[in-house]
$ cat query.txt   # compact mmCIF, C-alpha atoms and all ligand atoms
# COMPACT_ATOMS: atom_id res chain seq x y z
CA MET A 1 90.80 69.97 100.25
CA PHE A 2 93.04 70.75 103.24
CA HIS A 3 96.03 72.94 102.50
CA ASN A 4 99.22 71.54 103.83
CA ARG A 5 101.63 73.37 101.62
CA LYS A 6 102.81 76.80 102.59
CA VAL A 7 102.10 79.33 99.84
CA ASN A 8 104.53 82.17 99.35
CA LEU A 9 102.57 85.32 98.95
CA ASN A 10 104.15 87.81 96.62
CA SER A 11 102.53 91.22 96.41
CA SER A 12 103.39 91.67 92.74
CA ASP A 13 101.22 88.62 91.95
CA ILE A 14 98.19 90.56 93.18
CA MET A 15 96.36 92.73 90.71
CA ILE A 16 94.68 95.87 91.92
CA LEU A 17 92.67 98.73 90.48
CA CYS A 18 94.25 102.15 90.66
CA PRO A 19 92.01 103.98 93.17
CA GLU A 20 92.18 107.13 91.02
CA CYS A 21 91.68 105.96 87.42
CA GLY A 22 90.65 102.29 87.63
CA ASN A 23 93.67 101.01 85.64
CA ILE A 24 94.71 97.46 86.48
CA LEU A 25 98.15 97.39 88.12
CA LYS A 26 100.39 94.97 89.95
CA LEU A 27 100.47 95.57 93.67
CA GLN A 28 103.84 97.17 94.29
CA GLU A 29 105.17 100.60 95.05
CA CYS A 30 104.76 102.29 91.69
CA ILE A 31 103.23 105.26 89.94
CA CYS A 32 100.17 104.68 87.78
CA GLN A 33 100.06 106.46 84.43
CA CYS A 34 97.43 108.77 85.93
CA GLY A 35 99.99 109.92 88.50
CA PHE A 36 98.59 108.00 91.46
CA LYS A 37 101.38 106.64 93.60
CA ILE A 38 100.97 103.35 95.42
CA THR A 39 102.84 103.74 98.67
CA LYS A 40 103.69 101.30 101.40
CA SER A 41 104.50 102.53 104.84
CA SER A 42 105.49 100.34 107.76
CA GLY A 43 104.48 97.27 105.79
CA ILE A 44 100.99 98.52 104.83
CA PHE A 45 99.99 99.26 101.24
CA ASN A 46 97.94 102.40 101.09
CA LEU A 47 95.17 102.10 98.53
CA HIS A 48 92.91 104.59 100.28
CA PRO A 49 95.11 107.62 100.85
CA TYR A 50 92.31 109.82 102.15
CA PRO A 51 91.64 111.05 105.65
CA GLU A 52 89.43 108.93 107.86
CA PRO A 53 86.11 110.57 108.66
CA VAL A 54 85.74 112.47 111.88
CA LEU A 55 83.40 110.56 114.12
CA MET A 56 79.91 111.89 114.65
CA GLN A 57 79.41 113.82 111.45
CA PRO A 58 75.79 113.58 110.36
CA ASP A 59 76.75 112.30 106.92
CA ILE A 60 79.25 109.76 108.19
CA GLN A 61 79.50 106.77 105.84
CA TYR A 62 81.47 104.40 108.02
CA ILE A 63 82.95 104.01 111.46
CA SER A 64 86.69 103.77 111.49
CA TYR A 65 88.06 102.09 114.58
CA SER A 66 91.23 104.17 114.85
CA PRO A 67 90.33 105.86 118.16
CA PHE A 68 89.68 102.47 119.67
CA ALA A 69 92.45 100.45 118.03
CA LEU A 70 94.67 100.16 121.09
CA TYR A 71 91.89 98.63 123.13
CA TYR A 72 90.24 96.51 120.47
CA ASP A 73 92.15 93.33 121.20
CA ASP A 74 91.73 93.48 124.98
CA ASN A 75 88.55 91.54 124.74
CA ARG A 76 89.40 89.60 121.63
CA LYS A 77 92.20 87.81 123.49
CA ILE A 78 89.64 86.26 125.77
CA ASP A 79 87.64 85.15 122.78
CA SER A 80 90.56 83.83 120.75
CA LYS A 81 89.23 80.29 120.48
CA LEU A 82 86.18 81.66 118.71
CA TYR A 83 88.25 83.06 115.86
CA ALA A 84 90.50 80.05 115.50
CA SER A 85 87.37 77.95 115.19
CA ALA A 86 85.88 80.24 112.50
CA ALA A 87 89.10 79.95 110.50
CA ALA A 88 89.04 76.15 110.83
CA THR A 89 85.45 76.09 109.52
CA ILE A 90 86.38 78.26 106.55
CA GLN A 91 89.67 76.63 105.60
CA PRO A 92 88.39 73.50 103.85
CA LEU A 93 85.97 75.62 101.81
CA THR A 94 88.60 77.92 100.32
CA VAL A 95 90.02 77.39 96.85
CA GLN A 96 93.44 75.79 97.22
CA ASN A 97 96.39 78.18 96.95
CA SER A 98 94.17 81.20 96.41
CA ILE A 99 94.14 84.33 98.46
CA VAL A 100 91.39 85.19 100.94
CA LEU A 101 90.58 88.84 101.61
CA ASP A 102 89.63 89.54 105.22
CA LEU A 103 87.56 92.65 104.58
CA GLY A 104 87.28 95.12 107.45
CA ALA A 105 89.93 92.92 109.04
CA GLY A 106 90.66 95.25 111.91
CA THR A 107 93.43 93.80 114.06
CA GLY A 108 93.27 90.63 111.98
CA ILE A 109 91.55 88.28 114.37
CA ILE A 110 90.20 86.17 111.51
CA GLY A 111 92.91 86.85 108.90
CA LEU A 112 95.74 85.90 111.24
CA ASN A 113 94.01 82.63 112.08
CA LEU A 114 93.49 81.84 108.40
CA ALA A 115 97.15 82.59 107.71
CA LYS A 116 98.15 80.24 110.50
CA LEU A 117 96.33 77.54 108.53
CA ASN A 118 98.57 78.33 105.54
CA ILE A 119 95.96 80.31 103.65
CA PRO A 120 97.45 83.40 101.97
CA VAL A 121 95.55 86.41 103.23
CA ILE A 122 95.00 90.06 102.44
CA THR A 123 93.89 91.96 105.51
CA GLY A 124 92.07 95.03 104.24
CA ASP A 125 90.76 97.81 106.45
CA ILE A 126 90.16 101.54 106.30
CA SER A 127 91.88 102.15 109.62
CA MET A 128 95.66 102.45 109.59
CA SER A 129 95.75 102.13 113.38
CA MET A 130 93.88 98.81 113.33
CA LEU A 131 96.15 97.52 110.56
CA GLU A 132 99.23 98.53 112.53
CA ILE A 133 98.07 96.32 115.37
CA CYS A 134 97.49 93.51 112.90
CA ARG A 135 101.02 94.01 111.57
CA ASN A 136 102.49 93.93 115.09
CA ARG A 137 100.69 90.69 115.79
CA MET A 138 102.02 89.24 112.53
CA GLU A 139 105.54 90.16 113.56
CA ASN A 140 105.17 88.88 117.11
CA GLU A 141 103.61 85.61 116.02
CA ASN A 142 105.94 85.15 113.02
CA ILE A 143 103.16 84.96 110.48
CA GLU A 144 104.32 85.68 106.94
CA ASN A 145 101.67 85.00 104.36
CA ILE A 146 99.66 88.18 104.89
CA ILE A 147 99.54 91.37 102.87
CA LEU A 148 98.17 94.41 104.66
CA MET A 149 96.20 97.00 102.74
CA LYS A 150 94.45 100.19 103.67
CA ILE A 151 91.32 99.98 101.53
CA ASN A 152 87.75 101.19 101.48
CA ALA A 153 85.13 98.44 101.30
CA LEU A 154 82.86 100.85 99.41
CA HIS A 155 85.36 101.00 96.52
CA LEU A 156 87.31 97.77 96.51
CA PRO A 157 90.59 98.22 94.66
CA PHE A 158 90.42 94.81 92.94
CA PRO A 159 89.49 93.92 89.36
CA ASP A 160 86.18 92.16 88.58
CA GLN A 161 86.09 88.47 89.54
CA SER A 162 89.69 88.54 90.73
CA LEU A 163 89.35 86.96 94.20
CA ASP A 164 88.31 83.45 95.24
CA GLY A 165 87.58 84.16 98.87
CA ILE A 166 86.37 87.03 101.02
CA VAL A 167 85.53 86.92 104.69
CA VAL A 168 83.64 89.54 106.68
CA ARG A 169 83.05 89.71 110.38
CA ALA A 170 81.52 92.67 112.18
CA LEU A 171 81.87 94.99 109.19
CA LEU A 172 78.47 95.58 107.60
CA ALA A 173 76.99 96.98 110.81
CA HIS A 174 79.46 99.86 110.61
CA ILE A 175 78.83 101.10 107.10
CA ARG A 176 75.80 103.15 106.13
CA ASN A 177 75.81 102.07 102.50
CA TRP A 178 76.42 98.41 103.32
CA LYS A 179 74.51 97.31 100.21
CA ARG A 180 77.24 98.84 98.12
CA VAL A 181 79.83 96.79 100.01
CA ILE A 182 77.94 93.61 99.13
CA LYS A 183 77.77 94.69 95.49
CA GLU A 184 81.51 95.32 95.53
CA ILE A 185 82.12 91.87 97.05
CA ARG A 186 79.97 90.32 94.33
CA ARG A 187 81.88 92.22 91.65
CA VAL A 188 85.33 91.11 92.76
CA LEU A 189 84.49 87.47 93.60
CA SER A 190 85.18 84.89 90.92
CA LEU A 191 82.45 82.47 89.87
CA ARG A 192 84.00 79.74 92.01
CA GLY A 193 84.73 82.21 94.81
CA ARG A 194 83.05 82.25 98.19
CA LEU A 195 82.04 84.90 100.64
CA PHE A 196 82.15 83.86 104.28
CA VAL A 197 80.02 85.80 106.73
CA ILE A 198 80.81 85.25 110.37
CA HIS A 199 78.58 86.46 113.13
CA GLU A 200 77.83 85.69 116.73
CA SER A 201 74.68 85.67 118.78
CA SER A 202 74.89 85.58 122.52
CA SER A 203 72.93 85.06 125.67
CA VAL A 204 74.05 86.28 129.06
CA THR A 205 74.51 83.96 131.99
CA GLY A 206 73.93 85.85 135.25
CA LYS A 207 73.54 89.59 135.54
CA ASP A 208 73.83 91.55 132.33
CA TYR A 209 75.92 94.51 133.48
CA SER A 210 76.75 95.26 129.91
CA SER A 211 73.25 96.07 128.69
CA GLU A 212 72.55 97.80 132.00
CA VAL A 213 75.48 100.15 131.40
CA TRP A 214 74.51 100.85 127.80
CA THR A 215 70.92 101.58 128.86
CA LYS A 216 72.15 103.92 131.59
CA TYR A 217 74.44 105.71 129.17
CA THR A 218 71.56 106.21 126.72
CA GLU A 219 69.33 107.53 129.49
CA LEU A 220 72.03 109.97 130.57
CA ILE A 221 72.34 111.29 127.02
CA GLU A 222 68.57 111.63 126.71
CA LYS A 223 68.41 113.41 130.05
CA GLN A 224 70.53 116.12 128.40
CA GLY A 225 67.91 116.45 125.66
CA LYS A 226 69.93 114.56 123.04
CA THR A 227 69.14 111.37 121.17
CA ILE A 228 71.37 108.54 120.06
CA CYS A 229 71.23 107.47 116.47
CA GLU A 230 70.75 103.73 116.80
CA LYS A 231 71.97 102.17 113.64
CA LEU A 232 74.44 102.80 110.86
CA GLY A 233 74.64 99.59 108.83
CA ALA A 234 73.02 96.18 108.57
CA SER A 235 72.38 93.26 110.86
CA THR A 236 73.60 89.90 109.55
CA ARG A 237 70.00 88.87 108.85
CA GLU A 238 69.41 91.96 106.70
CA ALA A 239 72.71 91.42 104.94
CA LEU A 240 71.96 87.77 104.15
CA GLU A 241 68.53 88.72 102.78
CA PHE A 242 70.08 91.32 100.54
CA ILE A 243 72.80 88.90 99.41
CA GLU A 244 70.07 86.47 98.28
CA SER A 245 68.29 89.23 96.40
CA GLU A 246 71.62 89.89 94.62
CA ASP A 247 71.80 86.28 93.30
CA GLY A 248 73.95 85.08 96.20
CA ILE A 249 73.35 81.49 97.21
CA ILE A 250 73.81 80.61 100.83
CA GLU A 251 75.40 77.20 100.42
CA TYR A 252 75.89 76.37 104.03
CA SER A 253 74.97 77.84 107.33
CA HIS A 254 77.28 75.77 109.46
CA GLU A 255 76.13 74.33 112.73
CA PRO A 256 76.78 77.14 115.20
CA ALA A 257 79.67 76.52 117.55
CA SER A 258 79.08 77.43 121.19
CA PHE A 259 81.55 79.18 123.51
CA ASN A 260 81.56 80.63 126.98
CA THR A 261 83.12 84.06 127.05
CA THR A 262 83.64 86.79 129.59
CA THR A 263 83.89 90.53 129.29
CA SER A 264 84.49 93.06 132.04
CA LEU A 265 82.76 96.30 132.79
CA ASP A 266 86.12 97.97 132.34
CA PHE A 267 86.14 97.01 128.68
CA ILE A 268 82.54 98.07 128.14
CA LEU A 269 83.31 101.45 129.68
CA LYS A 270 86.30 101.87 127.42
CA GLU A 271 84.11 101.05 124.45
CA ILE A 272 81.73 103.77 125.51
CA GLN A 273 84.47 106.22 126.37
CA TYR A 274 86.21 106.04 123.02
CA ARG A 275 82.97 106.36 121.13
CA SER A 276 83.74 103.62 118.71
CA HIS A 277 80.28 102.18 118.71
CA PRO A 278 77.87 103.09 115.90
CA SER A 279 75.10 103.80 118.34
CA MET A 280 77.20 106.63 119.72
CA ARG A 281 77.12 108.75 116.65
CA LEU A 282 75.75 112.25 116.55
CA ILE A 283 76.44 113.05 120.17
CA ASP A 284 78.63 116.04 120.81
CA LYS A 285 81.76 115.65 122.88
CA GLN A 286 80.50 117.63 125.86
CA THR A 287 77.25 115.69 126.19
CA HIS A 288 79.14 112.44 125.83
CA ASN A 289 81.83 113.33 128.37
CA SER A 290 79.39 114.42 131.01
CA ALA A 291 77.32 111.25 130.50
CA VAL A 292 80.45 109.11 130.91
CA GLN A 293 81.44 110.93 134.11
CA GLU A 294 77.96 110.56 135.54
CA LEU A 295 77.82 106.91 134.50
CA LYS A 296 81.05 106.18 136.36
CA ARG A 297 79.74 107.97 139.44
CA LEU A 298 76.52 105.93 139.40
CA LEU A 299 78.39 102.66 138.93
CA LYS A 300 80.76 103.47 141.76
CA LYS A 301 77.84 104.31 144.02
CA GLU A 302 76.04 101.09 143.17
CA TYR A 303 78.89 98.60 142.99
CA GLY A 304 81.77 100.22 144.89
CA GLU A 305 85.30 101.19 143.82
CA ALA A 306 85.94 97.86 142.12
CA TYR A 307 83.02 98.21 139.70
CA CYS A 308 85.38 97.94 136.72
CA ASP A 309 86.14 94.32 137.59
CA LEU A 310 82.53 93.19 137.28
CA LYS A 311 82.29 90.42 134.73
CA VAL A 312 79.66 89.71 132.12
CA CYS A 313 79.56 86.02 131.22
CA ARG A 314 78.08 85.05 127.90
CA ILE A 315 77.35 81.98 125.91
CA VAL A 316 78.24 82.91 122.38
CA GLU A 317 77.04 81.02 119.34
CA GLN A 318 79.17 81.56 116.30
CA HIS A 319 77.62 81.28 112.85
CA VAL A 320 79.52 80.96 109.61
CA SER A 321 77.64 81.19 106.32
CA SER A 322 79.34 80.45 103.03
CA ILE A 323 77.94 82.11 99.98
CA THR A 324 78.56 81.90 96.25
CA PHE A 325 77.49 84.25 93.46
CA PRO A 326 77.37 81.79 90.58
CA PHE A 327 75.22 83.87 88.22
CA ARG A 328 76.20 87.01 86.41
CA SER A 329 73.90 89.26 84.52
C1 LIG B 401 84.04 95.84 114.54
S1 LIG B 401 85.52 96.00 113.63
C2 LIG B 401 85.69 94.34 113.03
C3 LIG B 401 87.12 93.95 112.80
C4 LIG B 401 87.33 92.45 112.51
N1 LIG B 401 86.66 92.04 111.29
C5 LIG B 401 86.84 91.64 113.68
O1 LIG B 401 85.95 90.81 113.47
O2 LIG B 401 87.35 91.84 114.79
C6 LIG B 401 85.02 96.88 112.17
C7 LIG B 401 86.19 97.17 111.25
O3 LIG B 401 85.68 97.66 110.00
C8 LIG B 401 86.52 98.71 109.55
N2 LIG B 401 85.80 99.50 108.55
C9 LIG B 401 84.77 100.35 108.77
N3 LIG B 401 84.38 100.90 107.61
C10 LIG B 401 85.19 100.40 106.64
C11 LIG B 401 85.29 100.62 105.24
N4 LIG B 401 84.48 101.46 104.60
N5 LIG B 401 86.22 99.93 104.55
C12 LIG B 401 87.06 99.09 105.19
N6 LIG B 401 87.02 98.84 106.51
C13 LIG B 401 86.09 99.50 107.24
C14 LIG B 401 86.87 99.44 110.83
O4 LIG B 401 88.01 100.27 110.68
C15 LIG B 401 87.09 98.28 111.79
O5 LIG B 401 88.42 97.83 111.81
ZN ZN B 402 95.69 105.47 87.91
$ encode --input "query.txt" --output "structure tokens"
Amino acid sequence: MFHNRKVNLNSSDIMILCPECGNILKLQECICQCGFKITKSSGIFNLHPYPEPVLMQPDIQYISYSPFALYYDDNRKIDSKLYASAAATIQPLTVQNSIVLDLGAGTGIIGLNLAKLNIPVITGDISMSMLEICRNRMENENIENIILMKINALHLPFPDQSLDGIVVRALLAHIRNWKRVIKEIRRVLSLRGRLFVIHESSSVTGKDYSSEVWTKYTELIEKQGKTICEKLGASTREALEFIESEDGIIEYSHEPASFNTTTSLDFILKEIQYRSHPSMRLIDKQTHNSAVQELKRLLKKEYGEAYCDLKVCRIVEQHVSSITFPFRS
């Protein structure tokens, strides 16, 4: 089932749902009969032309990564072998010549690797800034068979049963109504289609600076009389349980692949600073900023000026589950 032939991906071969009226259209710059205009700017089709939510609103539905986009790949470069391996696991299970949607693709760490294996890919994300980084990587690495789309996973702009492959990694934890995302995935997957869920579990070798820093940050917030809202979306376990309750069949849970990875305190601090993490919701700017300043002071006191260079070494196990939804009500 390996794909050796390069598939030319033509956007007008892709059918989409008009985000306004639900009409089925070809993906190209055009105006739907309802007046909705499909636009493409800097190579990205915009099928979700609405503002991204401001972080930390109590009713926030999802976490866009735009404020963090520039830093997102810092750490992913170190882990690049992880993503190439996930793509290699998925490739033989995809339907030949059909398109795979990398949903919540971010900077494209999975989608780009699938495309390198000659699988035509749609990278779909709600964050324009993340998609721009994905586009830059495509250009730099000369990867052609990708279509970039700004979309909302809660309202997928694809007709029923129109896709043969969808992959998600690190998405469902960032969306409050994650069950709806799974229902949308089920709706748009064909009967022969597969959903691939990638997730990692890790153990730390040596001192776990990372959890120490997160704990300290939480304590500093609580010291100011505030609490951190822990969770927005689902863990992979919860998601897989729900998928099964929605008639999804977990065909394979592939043998986890094991990797040694490293992250630095510098990256963890950036993650905290830019408030991209779901656990950082509902904290006002002032409380957050003073906790970050204090955190840096404490780290400097404890570990010296070079505290940013401290490394956290992990053994990461990567899990890929492939799922079908063969039954329809
Ligand atoms: C942790 S990142 C994961 C990115 C990529 N899948 C990876 O594994 O590196 C989460 C991504 O989900 C996107 N996202 C969050 N809510 C979304 C939504 N409702 N629809 C589409 N993408 C969404 C964010 O913008 C972000 O790029
Ligand atoms: Zn329309």
$ atom_distance --input "query.txt" --atom1 "atom CA of Glu29 of chain A" --atom2 "atom CA of Glu144 of chain A"
19.1 Å
$ closest_atom_pairs --input "query.txt" --of "chain A" --to "ligand LIG 401 (chain B)" --cutoff "8 Å" --atoms "all atoms listed in the file" --output "Markdown table"
| residue | atom | partner | partner_atom | distance |
| --- | --- | --- | --- | --- |
| A:Gln61 | CA | B:LIG401 | N4 | 7.4 |
| A:Tyr62 | CA | B:LIG401 | N3 | 4.6 |
| A:Ile63 | CA | B:LIG401 | C9 | 4.9 |
| A:Ser64 | CA | B:LIG401 | O4 | 3.8 |
| A:Tyr65 | CA | B:LIG401 | O4 | 4.3 |
| A:Ser66 | CA | B:LIG401 | O4 | 6.6 |
| A:Ala69 | CA | B:LIG401 | O5 | 7.9 |
| A:Tyr72 | CA | B:LIG401 | O2 | 7.9 |
| A:Arg76 | CA | B:LIG401 | O2 | 7.5 |
| A:Asp102 | CA | B:LIG401 | N1 | 7.2 |
| A:Leu103 | CA | B:LIG401 | C12 | 6.5 |
| A:Gly104 | CA | B:LIG401 | N6 | 3.8 |
| A:Ala105 | CA | B:LIG401 | N1 | 4.1 |
| A:Gly106 | CA | B:LIG401 | O5 | 3.4 |
| A:Thr107 | CA | B:LIG401 | O2 | 6.4 |
| A:Gly108 | CA | B:LIG401 | C4 | 6.2 |
| A:Ile109 | CA | B:LIG401 | O2 | 5.5 |
| A:Ile110 | CA | B:LIG401 | O1 | 6.6 |
| A:Gly124 | CA | B:LIG401 | C12 | 6.5 |
| A:Asp125 | CA | B:LIG401 | N6 | 3.9 |
| A:Ile126 | CA | B:LIG401 | C12 | 4.1 |
| A:Ser127 | CA | B:LIG401 | O4 | 4.4 |
| A:Met130 | CA | B:LIG401 | O5 | 5.8 |
| A:Leu131 | CA | B:LIG401 | O5 | 7.8 |
| A:Lys150 | CA | B:LIG401 | C12 | 7.6 |
| A:Ile151 | CA | B:LIG401 | C12 | 5.7 |
| A:Asn152 | CA | B:LIG401 | N5 | 3.7 |
| A:Ala153 | CA | B:LIG401 | N5 | 3.7 |
| A:Leu154 | CA | B:LIG401 | N4 | 5.5 |
| A:Val168 | CA | B:LIG401 | N1 | 6.1 |
| A:Arg169 | CA | B:LIG401 | O1 | 4.4 |
| A:Ala170 | CA | B:LIG401 | C2 | 4.6 |
| A:Leu171 | CA | B:LIG401 | O3 | 4.7 |
| A:Leu172 | CA | B:LIG401 | O3 | 7.9 |
| A:His174 | CA | B:LIG401 | C9 | 5.6 |
| A:Ile175 | CA | B:LIG401 | N3 | 5.6 |
$ residues_around --input "query.txt" --residues "His319 of chain A" --least-positions-apart "6" --cutoff "10 Å" --atoms "only C-alpha atoms" --output "PyMOL selection string"
chain A and resi 86+89+197-201+253-258
$ closest_atom_pairs --input "query.txt" --of "chain A" --to "ligand ZN 402 (chain B)" --cutoff "7 Å" --atoms "only C-alpha atoms and all ligand atoms" --output "CSV"
residue,atom,partner,partner_atom,distance
A:Cys18,CA,B:ZN402,ZN,4.5
A:Pro19,CA,B:ZN402,ZN,6.6
A:Glu20,CA,B:ZN402,ZN,5.0
A:Cys21,CA,B:ZN402,ZN,4.1
A:Gly22,CA,B:ZN402,ZN,6.0
A:Asn23,CA,B:ZN402,ZN,5.4
A:Cys32,CA,B:ZN402,ZN,4.6
A:Gln33,CA,B:ZN402,ZN,5.7
A:Cys34,CA,B:ZN402,ZN,4.2
A:Gly35,CA,B:ZN402,ZN,6.2
A:Phe36,CA,B:ZN402,ZN,5.2
$ atom_distance --input "query.txt" --atom1 "atom CA of Arg194 of chain A" --atom2 "atom CA of Gly165 of chain A"
5.0 Å
$ atom_distance --input "query.txt" --atom1 "atom CA of Leu82 of chain A" --atom2 "atom CA of Val316 of chain A"
8.8 Å
$ closest_residue --input "query.txt" --among "A:Ile24, A:Phe158, A:Lys183, A:Asp73" --to "Arg137 of chain A" --atoms "all atoms listed in the file"
A:Asp73
$ residues_around --input "query.txt" --residues "His155 of chain A" --least-positions-apart "5" --cutoff "10 Å" --atoms "all atoms listed in the file" --output "number ranges by chain"
A: 17, 19, 48, 180-181, 183-185
$ axis_aligned_box --input "query.txt" --around "segment 64-78 of chain A" --padding-each-side "5 Å" --output "JSON"
{"center_x": 90.7, "center_y": 96.1, "center_z": 118.6, "size_x": 18.0, "size_y": 29.6, "size_z": 24.3}
$ residues_around --input "query.txt" --residues "segment 205-207 of chain A" --least-positions-apart "2" --cutoff "8 Å" --atoms "all atoms listed in the file" --output "list in words"
Ser203, Tyr209, Val312, Cys313, Arg314 and Ile315 of chain A
$ write_last_selection --input "query.txt" --atoms "C-alpha atoms" --output "mmCIF file, in the frame of the given file"
data_model
loop_
_atom_site.group_PDB
_atom_site.id
_atom_site.type_symbol
_atom_site.label_atom_id
_atom_site.label_comp_id
_atom_site.auth_asym_id
_atom_site.auth_seq_id
_atom_site.Cartn_x
_atom_site.Cartn_y
_atom_site.Cartn_z
ATOM 1 C CA SER A 203 72.930 85.060 125.670
ATOM 2 C CA TYR A 209 75.920 94.510 133.480
ATOM 3 C CA VAL A 312 79.660 89.710 132.120
ATOM 4 C CA CYS A 313 79.560 86.020 131.220
ATOM 5 C CA ARG A 314 78.080 85.050 127.900
ATOM 6 C CA ILE A 315 77.350 81.980 125.910
#
$ closest_residue --input "query.txt" --among "A:Val320, A:Leu70, A:Ile250, A:Leu191" --to "Ile90 of chain A" --atoms "only C-alpha atoms"
A:Val320
$ residues_around --input "query.txt" --residues "segment 308-310 of chain A" --least-positions-apart "4" --cutoff "7 Å" --atoms "all atoms listed in the file" --output "number ranges by chain"
A: 264-266
$ write_last_selection --input "query.txt" --atoms "C-alpha atoms" --output "compact mmCIF listing (two decimals), in the frame of the given file"
# COMPACT_ATOMS: atom_id res chain seq x y z
CA SER A 264 84.49 93.06 132.04
CA LEU A 265 82.76 96.30 132.79
CA ASP A 266 86.12 97.97 132.34
$ closest_residue --input "query.txt" --among "A:Ile249, A:Val292, A:Leu195, A:Ile143" --to "Phe327 of chain A" --atoms "all atoms listed in the file"
A:Ile249
$ closest_residue --input "query.txt" --among "A:Thr324, A:Gln28, A:Asn260, A:Ser210" --to "Lys311 of chain A" --atoms "only C-alpha atoms"
A:Ser210
$ closest_residue --input "query.txt" --among "A:Asn10, A:Thr39, A:Asn46, A:Asn113" --to "Leu148 of chain A" --atoms "all atoms listed in the file"
A:Asn46
$ closest_residue --input "query.txt" --among "A:Glu139, A:Phe68, A:Ser12, A:Val100" --to "Ser42 of chain A" --atoms "all atoms listed in the file"
A:Glu139
$ decode --input "query.txt" --residues "segment 114-128 of chain A" --atoms "N, CA and C atoms" --output "PDB file, in the first residue's frame"
ATOM      1  N   LEU A 114       3.919  14.051   6.412  1.00  0.00           N
ATOM      2  CA  LEU A 114       3.088  13.203   5.547  1.00  0.00           C
ATOM      3  C   LEU A 114       3.301  13.598   4.084  1.00  0.00           C
ATOM      4  N   ALA A 115       3.346  14.914   3.851  1.00  0.00           N
ATOM      5  CA  ALA A 115       3.528  15.388   2.471  1.00  0.00           C
ATOM      6  C   ALA A 115       4.876  14.936   1.907  1.00  0.00           C
ATOM      7  N   LYS A 116       5.868  14.885   2.776  1.00  0.00           N
ATOM      8  CA  LYS A 116       7.185  14.417   2.316  1.00  0.00           C
ATOM      9  C   LYS A 116       7.111  12.961   1.869  1.00  0.00           C
ATOM     10  N   LEU A 117       6.124  12.224   2.379  1.00  0.00           N
ATOM     11  CA  LEU A 117       5.948  10.827   1.977  1.00  0.00           C
ATOM     12  C   LEU A 117       4.959  10.721   0.812  1.00  0.00           C
ATOM     13  N   ASN A 118       4.780  11.852   0.112  1.00  0.00           N
ATOM     14  CA  ASN A 118       3.918  11.906  -1.076  1.00  0.00           C
ATOM     15  C   ASN A 118       2.431  11.747  -0.793  1.00  0.00           C
ATOM     16  N   ILE A 119       2.027  12.017   0.416  1.00  0.00           N
ATOM     17  CA  ILE A 119       0.592  12.011   0.712  1.00  0.00           C
ATOM     18  C   ILE A 119       0.082  13.444   0.548  1.00  0.00           C
ATOM     19  N   PRO A 120      -0.970  13.649  -0.258  1.00  0.00           N
ATOM     20  CA  PRO A 120      -1.519  15.002  -0.366  1.00  0.00           C
ATOM     21  C   PRO A 120      -2.196  15.405   0.939  1.00  0.00           C
ATOM     22  N   VAL A 121      -1.935  16.610   1.383  1.00  0.00           N
ATOM     23  CA  VAL A 121      -2.346  16.993   2.729  1.00  0.00           C
ATOM     24  C   VAL A 121      -3.084  18.332   2.730  1.00  0.00           C
ATOM     25  N   ILE A 122      -4.113  18.419   3.562  1.00  0.00           N
ATOM     26  CA  ILE A 122      -4.677  19.726   3.916  1.00  0.00           C
ATOM     27  C   ILE A 122      -4.220  20.002   5.342  1.00  0.00           C
ATOM     28  N   THR A 123      -3.541  21.127   5.555  1.00  0.00           N
ATOM     29  CA  THR A 123      -3.251  21.502   6.936  1.00  0.00           C
ATOM     30  C   THR A 123      -4.299  22.534   7.336  1.00  0.00           C
ATOM     31  N   GLY A 124      -5.108  22.172   8.308  1.00  0.00           N
ATOM     32  CA  GLY A 124      -6.203  23.045   8.733  1.00  0.00           C
ATOM     33  C   GLY A 124      -6.001  23.489  10.168  1.00  0.00           C
ATOM     34  N   ASP A 125      -6.110  24.790  10.384  1.00  0.00           N
ATOM     35  CA  ASP A 125      -5.929  25.310  11.752  1.00  0.00           C
ATOM     36  C   ASP A 125      -6.707  26.613  11.875  1.00  0.00           C
ATOM     37  N   ILE A 126      -7.035  26.977  13.106  1.00  0.00           N
ATOM     38  CA  ILE A 126      -7.772  28.218  13.323  1.00  0.00           C
ATOM     39  C   ILE A 126      -6.824  29.419  13.423  1.00  0.00           C
ATOM     40  N   SER A 127      -5.541  29.139  13.567  1.00  0.00           N
ATOM     41  CA  SER A 127      -4.593  30.237  13.768  1.00  0.00           C
ATOM     42  C   SER A 127      -3.834  30.560  12.485  1.00  0.00           C
ATOM     43  N   MET A 128      -4.063  31.763  11.982  1.00  0.00           N
ATOM     44  CA  MET A 128      -3.374  32.226  10.782  1.00  0.00           C
ATOM     45  C   MET A 128      -1.870  32.246  11.031  1.00  0.00           C
TER      46      MET A 128
END
